[in-house]
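Structure file structure.cif; described as mmCIF, C-alpha atoms.
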data_work
#
loop_
_atom_site.label_atom_id
_atom_site.label_comp_id
_atom_site.auth_asym_id
_atom_site.auth_seq_id
_atom_site.Cartn_x
_atom_site.Cartn_y
_atom_site.Cartn_z
CA GLY A 5 -78.99 -59.13 106.08
CA PRO A 6 -77.92 -58.39 102.50
CA ASP A 7 -77.71 -54.70 101.76
CA GLY A 8 -76.93 -52.72 98.61
CA ASN A 9 -78.34 -51.47 95.33
CA PHE A 10 -76.67 -53.13 92.35
CA ALA A 11 -77.83 -52.18 88.86
CA ILE A 12 -75.19 -53.68 86.55
CA PRO A 13 -75.64 -52.62 82.92
CA THR A 14 -75.96 -55.30 80.24
CA ASP A 15 -74.88 -53.02 77.37
CA LEU A 16 -71.75 -51.40 78.84
CA GLU A 17 -68.83 -50.88 76.43
CA LEU A 18 -66.32 -50.94 79.28
CA PRO A 19 -65.20 -54.19 80.95
CA VAL A 20 -67.10 -55.39 84.03
CA VAL A 21 -65.19 -57.00 86.91
CA LEU A 22 -67.26 -58.98 89.42
CA MET A 23 -65.62 -59.96 92.73
CA ALA A 24 -67.47 -62.20 95.18
CA THR A 25 -66.83 -64.60 98.03
CA GLY A 26 -69.13 -67.43 99.12
CA VAL A 27 -72.84 -66.66 98.87
CA GLY A 28 -71.94 -63.16 97.70
CA ILE A 29 -72.10 -64.71 94.22
CA THR A 30 -75.91 -64.57 94.33
CA PRO A 31 -76.54 -61.16 92.69
CA PHE A 32 -73.85 -61.86 90.09
CA LEU A 33 -75.42 -65.17 89.14
CA GLY A 34 -78.61 -63.28 88.27
CA TYR A 35 -76.59 -60.86 86.14
CA LEU A 36 -74.87 -63.67 84.23
CA GLU A 37 -78.18 -65.45 83.68
CA THR A 38 -79.54 -62.20 82.21
CA LEU A 39 -76.56 -61.83 79.85
CA ALA A 40 -77.03 -65.42 78.67
CA ALA A 41 -80.74 -64.85 78.08
CA VAL A 42 -80.24 -61.54 76.26
CA GLY A 43 -77.57 -62.88 73.91
CA GLY A 44 -75.98 -60.73 71.23
CA THR A 45 -73.26 -58.28 72.19
CA VAL A 46 -72.63 -58.27 75.94
CA PRO A 47 -69.91 -56.62 78.04
CA GLU A 48 -66.54 -58.23 78.62
CA VAL A 49 -66.95 -59.74 82.11
CA VAL A 50 -64.29 -61.10 84.47
CA LEU A 51 -65.59 -62.92 87.55
CA HIS A 52 -63.20 -63.39 90.47
CA TYR A 53 -64.88 -65.84 92.85
CA GLY A 54 -63.42 -66.81 96.22
CA ASN A 55 -64.31 -69.94 98.20
CA ARG A 56 -62.55 -72.09 100.76
CA ASN A 57 -62.54 -75.17 98.50
CA SER A 58 -64.68 -77.28 96.17
CA GLU A 59 -66.87 -78.50 99.04
CA GLY A 60 -68.38 -75.04 99.55
CA HIS A 61 -68.12 -73.79 95.96
CA ALA A 62 -71.68 -72.55 95.36
CA PHE A 63 -73.19 -72.82 91.85
CA ALA A 64 -69.91 -74.14 90.41
CA GLY A 65 -71.66 -76.23 87.77
CA ARG A 66 -74.05 -73.50 86.69
CA ILE A 67 -71.31 -70.88 86.45
CA ALA A 68 -69.28 -73.25 84.23
CA GLU A 69 -72.34 -73.69 81.99
CA LEU A 70 -72.81 -69.92 81.72
CA ALA A 71 -69.12 -69.44 80.92
CA ALA A 72 -69.48 -71.92 78.06
CA ARG A 73 -72.44 -69.90 76.71
CA LEU A 74 -70.82 -66.49 77.20
CA PRO A 75 -67.54 -66.11 75.27
CA ALA A 76 -67.09 -62.66 76.84
CA LEU A 77 -67.04 -64.16 80.37
CA ARG A 78 -63.83 -65.26 82.10
CA VAL A 79 -64.05 -66.94 85.51
CA VAL A 80 -61.16 -66.97 87.99
CA ASN A 81 -61.75 -69.25 90.99
CA HIS A 82 -59.79 -68.63 94.21
CA TYR A 83 -59.55 -71.31 96.95
CA SER A 84 -58.24 -70.18 100.32
CA ARG A 85 -58.13 -73.72 101.80
CA PRO A 86 -58.02 -76.26 98.96
CA LEU A 87 -58.86 -79.87 99.76
CA SER A 88 -56.43 -82.66 98.95
CA GLY A 89 -58.58 -83.56 95.94
CA ASP A 90 -58.72 -80.00 94.56
CA ARG A 91 -56.43 -79.48 91.60
CA HIS A 92 -54.76 -76.16 90.83
CA GLY A 93 -55.50 -75.25 87.23
CA ARG A 94 -58.50 -77.56 87.06
CA THR A 95 -60.71 -77.28 90.15
CA TYR A 96 -59.49 -73.76 90.93
CA ASP A 97 -57.24 -71.13 89.36
CA ARG A 98 -55.50 -69.34 92.23
CA PRO A 99 -54.65 -70.39 95.79
CA GLY A 100 -55.16 -68.08 98.75
CA ARG A 101 -57.59 -65.30 99.47
CA MET A 102 -58.69 -63.04 96.63
CA SER A 103 -57.19 -59.54 96.61
CA ALA A 104 -57.12 -56.44 94.45
CA GLU A 105 -53.70 -57.56 93.18
CA ASP A 106 -55.44 -60.40 91.33
CA VAL A 107 -57.03 -57.92 88.92
CA SER A 108 -55.02 -57.49 85.71
CA ALA A 109 -53.51 -54.05 85.14
CA ASP A 110 -55.02 -54.07 81.66
CA LEU A 111 -58.55 -54.02 83.09
CA ILE A 112 -57.73 -51.06 85.31
CA GLU A 113 -56.14 -49.19 82.40
CA ARG A 114 -59.27 -49.79 80.32
CA ARG A 115 -61.44 -48.24 83.06
CA ALA A 116 -63.31 -51.39 84.04
CA ARG A 117 -66.27 -51.04 86.38
CA PHE A 118 -65.88 -53.02 89.61
CA TYR A 119 -68.74 -54.72 91.47
CA LEU A 120 -68.00 -56.34 94.84
CA CYS A 121 -70.21 -58.54 97.01
CA GLY A 122 -69.29 -60.24 100.27
CA THR A 123 -68.56 -59.52 103.90
CA GLU A 124 -67.75 -56.05 105.18
CA GLU A 125 -64.10 -57.06 105.74
CA MET A 126 -63.80 -58.34 102.17
CA LEU A 127 -65.41 -55.18 100.75
CA ALA A 128 -63.07 -52.94 102.74
CA ASP A 129 -59.92 -54.88 101.75
CA LEU A 130 -60.79 -54.98 98.05
CA THR A 131 -61.91 -51.35 97.92
CA ASP A 132 -58.71 -50.13 99.61
CA GLY A 133 -56.63 -52.29 97.29
CA LEU A 134 -58.36 -51.08 94.14
CA LEU A 135 -58.07 -47.45 95.20
CA ALA A 136 -54.36 -47.96 95.84
CA ARG A 137 -54.03 -49.28 92.28
CA GLY A 138 -55.62 -46.16 90.85
CA VAL A 139 -59.25 -47.20 90.38
CA PRO A 140 -61.51 -44.15 90.98
CA ARG A 141 -63.88 -44.64 93.90
CA PHE A 142 -66.91 -43.83 91.72
CA GLU A 143 -66.09 -46.87 89.56
CA ILE A 144 -66.35 -49.27 92.52
CA PHE A 145 -69.80 -50.54 93.51
CA SER A 146 -70.46 -52.89 96.42
CA GLU A 147 -73.14 -54.89 98.18
CA LYS A 148 -72.80 -56.25 101.68
CA PHE A 149 -73.73 -59.90 102.14
CA HIS A 150 -73.33 -60.11 105.87
CA ALA A 151 -75.24 -59.86 109.12
CA ALA A 152 -73.47 -58.97 112.34
CA ALA A 153 -73.25 -61.88 114.74
CA ARG A 154 -74.04 -61.42 118.43
CA GLU A 155 -72.57 -63.24 121.36
CA ILE A 156 -74.88 -65.70 123.11
CA PRO A 157 -73.36 -66.95 126.37
CA VAL A 158 -73.58 -70.75 126.49
CA ALA A 159 -72.10 -72.96 129.19
CA ASP A 160 -69.95 -75.83 127.91
CA ASP A 161 -71.96 -78.24 130.05
CA ALA A 162 -75.34 -77.02 128.73
CA ARG A 163 -77.62 -79.87 127.60
CA HIS A 164 -81.02 -79.70 125.88
CA THR A 165 -83.11 -82.40 124.30
CA VAL A 166 -84.13 -81.61 120.72
CA ARG A 167 -86.91 -83.62 119.12
CA PHE A 168 -87.37 -83.58 115.33
CA ALA A 169 -91.05 -84.40 114.99
CA ARG A 170 -91.25 -85.32 111.30
CA SER A 171 -88.08 -87.39 111.41
CA ASP A 172 -89.18 -89.01 114.69
CA ARG A 173 -85.68 -88.51 116.08
CA GLU A 174 -84.48 -87.13 119.38
CA ILE A 175 -80.97 -85.91 120.08
CA VAL A 176 -79.15 -84.21 122.93
CA TRP A 177 -77.68 -80.81 122.08
CA ARG A 178 -74.62 -79.77 124.10
CA GLY A 179 -73.13 -76.34 124.61
CA THR A 180 -70.21 -77.07 122.27
CA ASP A 181 -72.34 -78.46 119.43
CA GLY A 182 -72.91 -75.25 117.48
CA THR A 183 -76.17 -74.47 115.69
CA LEU A 184 -79.19 -76.72 115.30
CA LEU A 185 -78.30 -77.26 111.64
CA ASP A 186 -74.72 -78.22 112.55
CA VAL A 187 -75.77 -80.83 115.08
CA ALA A 188 -78.59 -82.19 112.91
CA GLU A 189 -76.17 -82.76 110.01
CA ARG A 190 -73.69 -84.51 112.29
CA GLU A 191 -76.51 -86.82 113.43
CA GLY A 192 -77.43 -87.66 109.84
CA LEU A 193 -80.66 -85.65 109.76
CA ALA A 194 -81.47 -83.96 106.45
CA LEU A 195 -82.77 -80.43 107.09
CA PRO A 196 -83.34 -77.69 104.50
CA SER A 197 -79.98 -75.95 104.07
CA GLY A 198 -80.15 -73.85 100.90
CA CYS A 199 -78.91 -71.00 103.11
CA ARG A 200 -75.43 -72.46 102.64
CA VAL A 201 -75.57 -71.64 98.91
CA GLY A 202 -77.23 -68.25 99.06
CA GLN A 203 -80.91 -69.05 99.58
CA CYS A 204 -81.27 -67.02 102.76
CA GLU A 205 -83.82 -68.22 105.34
CA SER A 206 -84.49 -71.46 103.44
CA CYS A 207 -83.48 -73.34 106.61
CA ALA A 208 -86.49 -71.96 108.52
CA VAL A 209 -88.48 -74.50 110.54
CA THR A 210 -91.39 -74.16 112.95
CA VAL A 211 -90.69 -74.41 116.68
CA LEU A 212 -93.46 -76.60 118.10
CA SER A 213 -92.32 -76.15 121.69
CA GLY A 214 -89.42 -74.60 123.58
CA GLU A 215 -87.26 -71.53 122.98
CA VAL A 216 -84.27 -70.74 120.76
CA ALA A 217 -81.79 -67.86 120.42
CA HIS A 218 -80.40 -66.63 117.10
CA ARG A 219 -76.76 -65.71 116.64
CA VAL A 220 -77.81 -63.31 113.88
CA GLU A 221 -81.00 -61.27 114.13
CA PRO A 222 -83.59 -62.71 111.69
CA SER A 223 -85.47 -60.47 109.28
CA ASP A 224 -88.70 -58.84 110.43
CA GLY A 225 -90.69 -61.04 108.05
CA LEU A 226 -89.81 -64.32 109.79
CA PRO A 227 -93.07 -65.88 111.08
CA ASP A 228 -93.61 -66.27 114.82
CA ARG A 229 -92.48 -69.57 116.35
CA THR A 230 -90.03 -70.08 113.49
CA CYS A 231 -86.27 -70.47 113.76
CA LEU A 232 -83.40 -70.38 111.28
CA THR A 233 -81.53 -73.59 112.11
CA CYS A 234 -78.26 -72.30 110.61
CA GLN A 235 -78.18 -69.54 113.26
CA ALA A 236 -80.31 -70.91 116.13
CA ILE A 237 -79.25 -72.65 119.32
CA PRO A 238 -81.66 -74.06 121.91
CA ARG A 239 -82.32 -72.23 125.16
CA THR A 240 -84.61 -74.97 126.48
CA ASP A 241 -85.65 -78.46 125.41
CA LEU A 242 -87.13 -78.18 121.92
CA GLU A 243 -89.48 -79.84 119.49
CA LEU A 244 -89.10 -78.85 115.84
CA ASP A 245 -91.38 -79.47 112.88
CA ALA A 246 -88.57 -81.11 110.93
#
Translate the structure described by the file into structure tokens.
Amino acid sequence: GPDGNFAIPTDLELPVVLMATGVGITPFLGYLETLAAVGGTVPEVVLHYGNRNSEGHAFAGRIAELAARLPALRVVNHYSRPLSGDRHGRTYDRPGRMSAEDVSADLIERRARFYLCGTEEMLADLTDGLLARGVPRFEIFSEKFHAAAREIPVADDARHTVRFARSDREIVWRGTDGTLLDVAEREGLALPSGCRVGQCESCAVTVLSGEVAHRVEPSDGLPDRTCLTCQAIPRTDLELDA
């Protein structure tokens, strides 16, 4: 799961550059909320935030509200796969994946502190890019927001009946359907899914009967007979308390 040890100062005289993708925004949102609550003189902050498009843009509204309250905050939104309705210069600022080249030379010259949060691949790419541009390694801080996936062999013709007890619905899961959350959403079933916007393990539901397998190992604190529907696939017929 998430791993790192951020402690971003609220009274730093140097600029602060935050770089996040997807749910990696979570620790930075807490930092911005703190700056807004503290008020007064706060650091100059530039947030580079990468998402696929507006459909998966987590906390977009709240970040815009915080930017309006924090004159020292500048937000740069990157969309790697904009939707037809996304507008460059309005919905997002830069097309394509975020890179170290997106950081202004002025910030590097002024010895900004860099804080990165995302997948291991993103952290490696940004760190290498910043180092190549002359940023000292000790001025780059990172947190990993990633859990290694594991392969679960599933036959394409696999079929399991999944009953959602509270919804009083029964569906057939097939080997090509993806996770329990994926198939439930396609069938019009509303399951908890805050995990998609950074609230890890909020999709947990109780398994009343049957067995599941997780594509990512759950944390040790997950109760017995509980599954994370965003990562779980059925191994047998199932009944869920959902």
- Task: Tell me which of A:Pro238, A:Gly198, A:Gly43, A:Pro227 sits closest to Thr210 in chain A, counting all atoms listed in the file.
- Result: A:Pro227
Could you work out an axis-aligned bounding box for all listed atoms of range 118-122 of chain A, with 3 Å added on each of the six sides, and give its centre and edge lengths in Å to one decimal, as lines of an AutoDock Vina configuration file?
center_x = -68.0
center_y = -56.6
center_z = 94.9
size_x = 10.3
size_y = 13.2
size_z = 16.7
- What does the distance between CA of Gly34 in chain A and CA of Ser108 in chain A come to in Å, to one decimal place? 24.4 Å
Compute the distance from (-76.7, -63.4, 81.8) to each atom, counting all atoms listed in the file, keep the residues with any atom at most 12 Å away, and return them as a tab-separated table (two decimals) with C-alpha atoms, keeping the file's coordinate frame; use the coordinates of the file.
chain	number	residue	atom	x	y	z
A	12	ILE	CA	-75.19	-53.68	86.55
A	13	PRO	CA	-75.64	-52.62	82.92
A	14	THR	CA	-75.96	-55.30	80.24
A	15	ASP	CA	-74.88	-53.02	77.37
A	31	PRO	CA	-76.54	-61.16	92.69
A	32	PHE	CA	-73.85	-61.86	90.09
A	33	LEU	CA	-75.42	-65.17	89.14
A	34	GLY	CA	-78.61	-63.28	88.27
A	35	TYR	CA	-76.59	-60.86	86.14
A	36	LEU	CA	-74.87	-63.67	84.23
A	37	GLU	CA	-78.18	-65.45	83.68
A	38	THR	CA	-79.54	-62.20	82.21
A	39	LEU	CA	-76.56	-61.83	79.85
A	40	ALA	CA	-77.03	-65.42	78.67
A	41	ALA	CA	-80.74	-64.85	78.08
A	42	VAL	CA	-80.24	-61.54	76.26
A	43	GLY	CA	-77.57	-62.88	73.91
A	44	GLY	CA	-75.98	-60.73	71.23
A	45	THR	CA	-73.26	-58.28	72.19
A	46	VAL	CA	-72.63	-58.27	75.94
A	47	PRO	CA	-69.91	-56.62	78.04
A	48	GLU	CA	-66.54	-58.23	78.62
A	49	VAL	CA	-66.95	-59.74	82.11
A	66	ARG	CA	-74.05	-73.50	86.69
A	67	ILE	CA	-71.31	-70.88	86.45
A	69	GLU	CA	-72.34	-73.69	81.99
A	70	LEU	CA	-72.81	-69.92	81.72
A	71	ALA	CA	-69.12	-69.44	80.92
A	72	ALA	CA	-69.48	-71.92	78.06
A	73	ARG	CA	-72.44	-69.90	76.71
A	74	LEU	CA	-70.82	-66.49	77.20
A	75	PRO	CA	-67.54	-66.11	75.27
A	76	ALA	CA	-67.09	-62.66	76.84
A	77	LEU	CA	-67.04	-64.16	80.37
Might you spell out which residues the PyMOL selection byres ((chain A and resi 242) around 7) would select in the displayed file, as an mmCIF file with C-alpha atoms, in the frame of the given file?
data_model
loop_
_atom_site.group_PDB
_atom_site.id
_atom_site.type_symbol
_atom_site.label_atom_id
_atom_site.label_comp_id
_atom_site.auth_asym_id
_atom_site.auth_seq_id
_atom_site.Cartn_x
_atom_site.Cartn_y
_atom_site.Cartn_z
ATOM 1 C CA THR A 165 -83.110 -82.400 124.300
ATOM 2 C CA VAL A 166 -84.130 -81.610 120.720
ATOM 3 C CA ARG A 167 -86.910 -83.620 119.120
ATOM 4 C CA SER A 213 -92.320 -76.150 121.690
ATOM 5 C CA GLY A 214 -89.420 -74.600 123.580
ATOM 6 C CA GLU A 215 -87.260 -71.530 122.980
ATOM 7 C CA PRO A 238 -81.660 -74.060 121.910
ATOM 8 C CA THR A 240 -84.610 -74.970 126.480
ATOM 9 C CA ASP A 241 -85.650 -78.460 125.410
ATOM 10 C CA GLU A 243 -89.480 -79.840 119.490
ATOM 11 C CA LEU A 244 -89.100 -78.850 115.840
#
- Query: To one decimal place, how far is CA of Gly60 in chain A from CA of Ala246 in chain A in Å?
  - Reply: 24.0 Å
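Of the residues listed (A:Ala159, A:Phe118, A:Gly133, A:Gly54), A:Gly54 shows the shortest atom-to-atom separation from Pro99 in chain A; distances use only C-alpha atoms.
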Could you tell me, as a compact mmCIF listing (two decimals) with C-alpha atoms, in the coordinates of the input, exactly which residues end up selected when the PyMOL selection byres ((chain A and resi 130) around 10) is applied to this structure?
# COMPACT_ATOMS: atom_id res chain seq x y z
CA MET A 23 -65.62 -59.96 92.73
CA MET A 102 -58.69 -63.04 96.63
CA SER A 103 -57.19 -59.54 96.61
CA ALA A 104 -57.12 -56.44 94.45
CA GLU A 105 -53.70 -57.56 93.18
CA LEU A 120 -68.00 -56.34 94.84
CA GLU A 125 -64.10 -57.06 105.74
CA MET A 126 -63.80 -58.34 102.17
CA LEU A 127 -65.41 -55.18 100.75
CA ALA A 128 -63.07 -52.94 102.74
CA ASP A 129 -59.92 -54.88 101.75
CA THR A 131 -61.91 -51.35 97.92
CA ASP A 132 -58.71 -50.13 99.61
CA GLY A 133 -56.63 -52.29 97.29
CA LEU A 134 -58.36 -51.08 94.14
CA LEU A 135 -58.07 -47.45 95.20
CA ALA A 136 -54.36 -47.96 95.84
CA ILE A 144 -66.35 -49.27 92.52
